[in-house]
Amino acid sequence: MKPIFRRGPSLQLRLVLAVVAAIAIIIADSRLGAFREIRSYLDTSVSPFYFLADGPGRFLDSAAETFASRKMLEQQNTALRRELMLKESQLLLLGQYKQENIRLRELLGSPLRPGERKMITQVISAGADPYSDQVIIDRGSDNGVYEGQPVISEKGVVGQVVSVGKFTSRVMLICDASHALPVQVLRNDVRAIASGAGCAENLQLENISGNPDIRVGDVLVSSGLGGRFPEGYPVGVVSSVSVDTRSAATIIQAKPAAGLQRLRYLLLLWNSNTTDGTHISPEAVHQAADERLMQVMPQVLPPAGEAGRVEGNNDPAAPTSSAHGERP
């Protein structure tokens, strides 16, 4: 009868045999390379497990980098948008500065006499009285402003100072209903009085006797009569000439040369006529007025087809002529 449990080699012998076999395999592998191919096959078969084990870490690193990149891009985009808005606002201001520079240069070139004393001022408010057309400027008695002082813009006559404070002054515009200005037609020197009828209306020409030689498109300049406004500054352009058959009167209206609804920078003049007694020759007045007219012509002159047209209630026919044509 065979025993159920047969005794094998002892554990010590097994250990020794295992150690000897391991040493022999190591020597054979290092010296002969007998197990190199086997190790390569084993590495190949195990490599998918390496990728599986490294997959979660790579996924988390990629997600973190993606979120970080998106956040960085959003921050850069926000910063670039702010910088773009800042640059655009600076460009807008640059355009405004250019326009202001142009206006100031035109203002400095406005006086008719070389070396005539002048001062730039700015409109800071409109008058509070709804029944008068006045503006407030930022110059007063501390700057030498006086009542009755003429005020012009780069386009033509604006008005005169009617009230002077220490730091501000009030200017009545030529379109005010209580304002009147001596003018003359540049083409033929016909004199008249340009009265205001409110800034929503055109100027009215008064004190005209007989059948005046005034046509649509004629340029009106200050005549210098009265010694308050210098000669030769554009006041307006005749916009309509109509005949009232009931009263047999000629109604003449003129559009102001200066944009009275868009005033910002103005020029205060010191009339040298009151100080040195000198006067300008008519030729110099005409030449200077023509130069100033070239700046305001696109804004105030009527279309070429309307120049010289006379409007009437019953008799609209009249010869057509240029604003600067020869006197018939």
# chains A, B, ... in the order shown; residues from 1 in each chain; ligands from 1
>>> residues_around(residues="Cys199 in chain A", least_positions_apart="6", cutoff="9 Å", atoms="only C-alpha atoms", output="compact mmCIF listing (two decimals) with all heavy atoms, in the first residue's frame")
# COMPACT_ATOMS: atom_id res chain seq x y z
N ASP A 133 -31.97 135.44 -28.60
CA ASP A 133 -30.95 134.51 -29.11
C ASP A 133 -29.58 135.01 -28.66
O ASP A 133 -29.00 135.92 -29.28
CB ASP A 133 -31.03 134.43 -30.63
CG ASP A 133 -32.35 133.82 -31.09
OD1 ASP A 133 -32.54 132.62 -30.88
OD2 ASP A 133 -33.17 134.57 -31.66
N LEU A 173 -26.72 137.36 -30.74
CA LEU A 173 -26.48 136.91 -32.10
C LEU A 173 -27.18 137.83 -33.09
O LEU A 173 -28.17 138.50 -32.76
CB LEU A 173 -26.97 135.47 -32.28
CG LEU A 173 -26.39 134.44 -31.29
CD1 LEU A 173 -26.96 133.06 -31.59
CD2 LEU A 173 -24.87 134.42 -31.33
N ILE A 174 -26.68 137.83 -34.32
CA ILE A 174 -27.26 138.71 -35.34
C ILE A 174 -28.66 138.26 -35.75
O ILE A 174 -29.39 139.03 -36.36
CB ILE A 174 -26.35 138.78 -36.59
CG1 ILE A 174 -26.18 137.38 -37.19
CG2 ILE A 174 -25.01 139.38 -36.25
CD1 ILE A 174 -25.42 137.40 -38.51
N CYS A 175 -29.03 137.03 -35.39
CA CYS A 175 -30.38 136.57 -35.72
C CYS A 175 -31.40 136.95 -34.65
O CYS A 175 -32.60 136.68 -34.81
CB CYS A 175 -30.38 135.05 -35.90
SG CYS A 175 -29.89 134.12 -34.42
N ASP A 176 -30.96 137.58 -33.55
CA ASP A 176 -31.89 138.01 -32.52
C ASP A 176 -32.84 139.07 -33.09
O ASP A 176 -32.46 139.91 -33.91
CB ASP A 176 -31.12 138.58 -31.32
CG ASP A 176 -32.01 138.85 -30.14
OD1 ASP A 176 -32.58 139.97 -30.07
OD2 ASP A 176 -32.16 137.97 -29.29
N ALA A 177 -34.08 139.00 -32.63
CA ALA A 177 -35.11 139.89 -33.19
C ALA A 177 -34.83 141.36 -32.89
O ALA A 177 -35.35 142.24 -33.59
CB ALA A 177 -36.49 139.51 -32.63
N LEU A 260 -25.03 129.77 -36.90
CA LEU A 260 -25.41 130.28 -35.58
C LEU A 260 -25.98 129.20 -34.67
O LEU A 260 -26.07 129.41 -33.45
CB LEU A 260 -26.44 131.41 -35.75
CG LEU A 260 -25.97 132.60 -36.59
CD1 LEU A 260 -27.07 133.63 -36.72
CD2 LEU A 260 -24.72 133.22 -35.99
N GLN A 261 -26.37 128.06 -35.22
CA GLN A 261 -26.90 126.97 -34.39
C GLN A 261 -25.79 126.03 -33.93
O GLN A 261 -26.04 125.13 -33.14
CB GLN A 261 -27.96 126.18 -35.17
CG GLN A 261 -29.14 127.01 -35.65
CD GLN A 261 -30.06 127.44 -34.52
OE1 GLN A 261 -29.89 127.01 -33.37
NE2 GLN A 261 -31.03 128.27 -34.82
>>> residues_around(residues="Gln149 in chain A", least_positions_apart="3", cutoff="6 Å", atoms="only C-alpha atoms", output="JSON, numbers by chain")
{"A": [146, 160, 161]}
>>> write_last_selection(atoms="N, CA, C and O atoms", output="tab-separated table (two decimals), in the first residue's frame")
chain	number	residue	atom	x	y	z
A	146	TYR	N	-15.55	144.23	-23.58
A	146	TYR	CA	-16.38	145.40	-23.31
A	146	TYR	C	-17.72	145.24	-24.03
A	146	TYR	O	-17.84	144.48	-25.00
A	160	GLN	N	-22.63	140.61	-31.13
A	160	GLN	CA	-21.88	141.57	-30.33
A	160	GLN	C	-22.15	141.32	-28.85
A	160	GLN	O	-23.18	140.77	-28.47
A	161	VAL	N	-21.19	141.74	-28.04
A	161	VAL	CA	-21.29	141.57	-26.60
A	161	VAL	C	-22.30	142.58	-26.05
A	161	VAL	O	-22.21	143.78	-26.34
>>> atom_distance(atom1="CA of Lys255 in chain A", atom2="CA of Gly224 in chain A")
19.7 Å
>>> closest_residue(among="A:Ile152, A:Val171, A:Leu73, A:Ala249", to="Arg139 in chain A", atoms="only C-alpha atoms")
A:Val171
>>> residues_around(residues="Val135 in chain A", least_positions_apart="4", cutoff="12 Å", atoms="only C-alpha atoms", output="ChimeraX atom specification")
/A:121-130,139,151,158-163,168-176,260-266
>>> closest_residue(among="A:Phe51, A:Phe167, A:Phe229, A:Trp270", to="Ala180 in chain A", atoms="only C-alpha atoms")
A:Phe229
>>> closest_residue(among="A:Ala64, A:Val221, A:Val164, A:Val16", to="Asn143 in chain A", atoms="only C-alpha atoms")
A:Val164
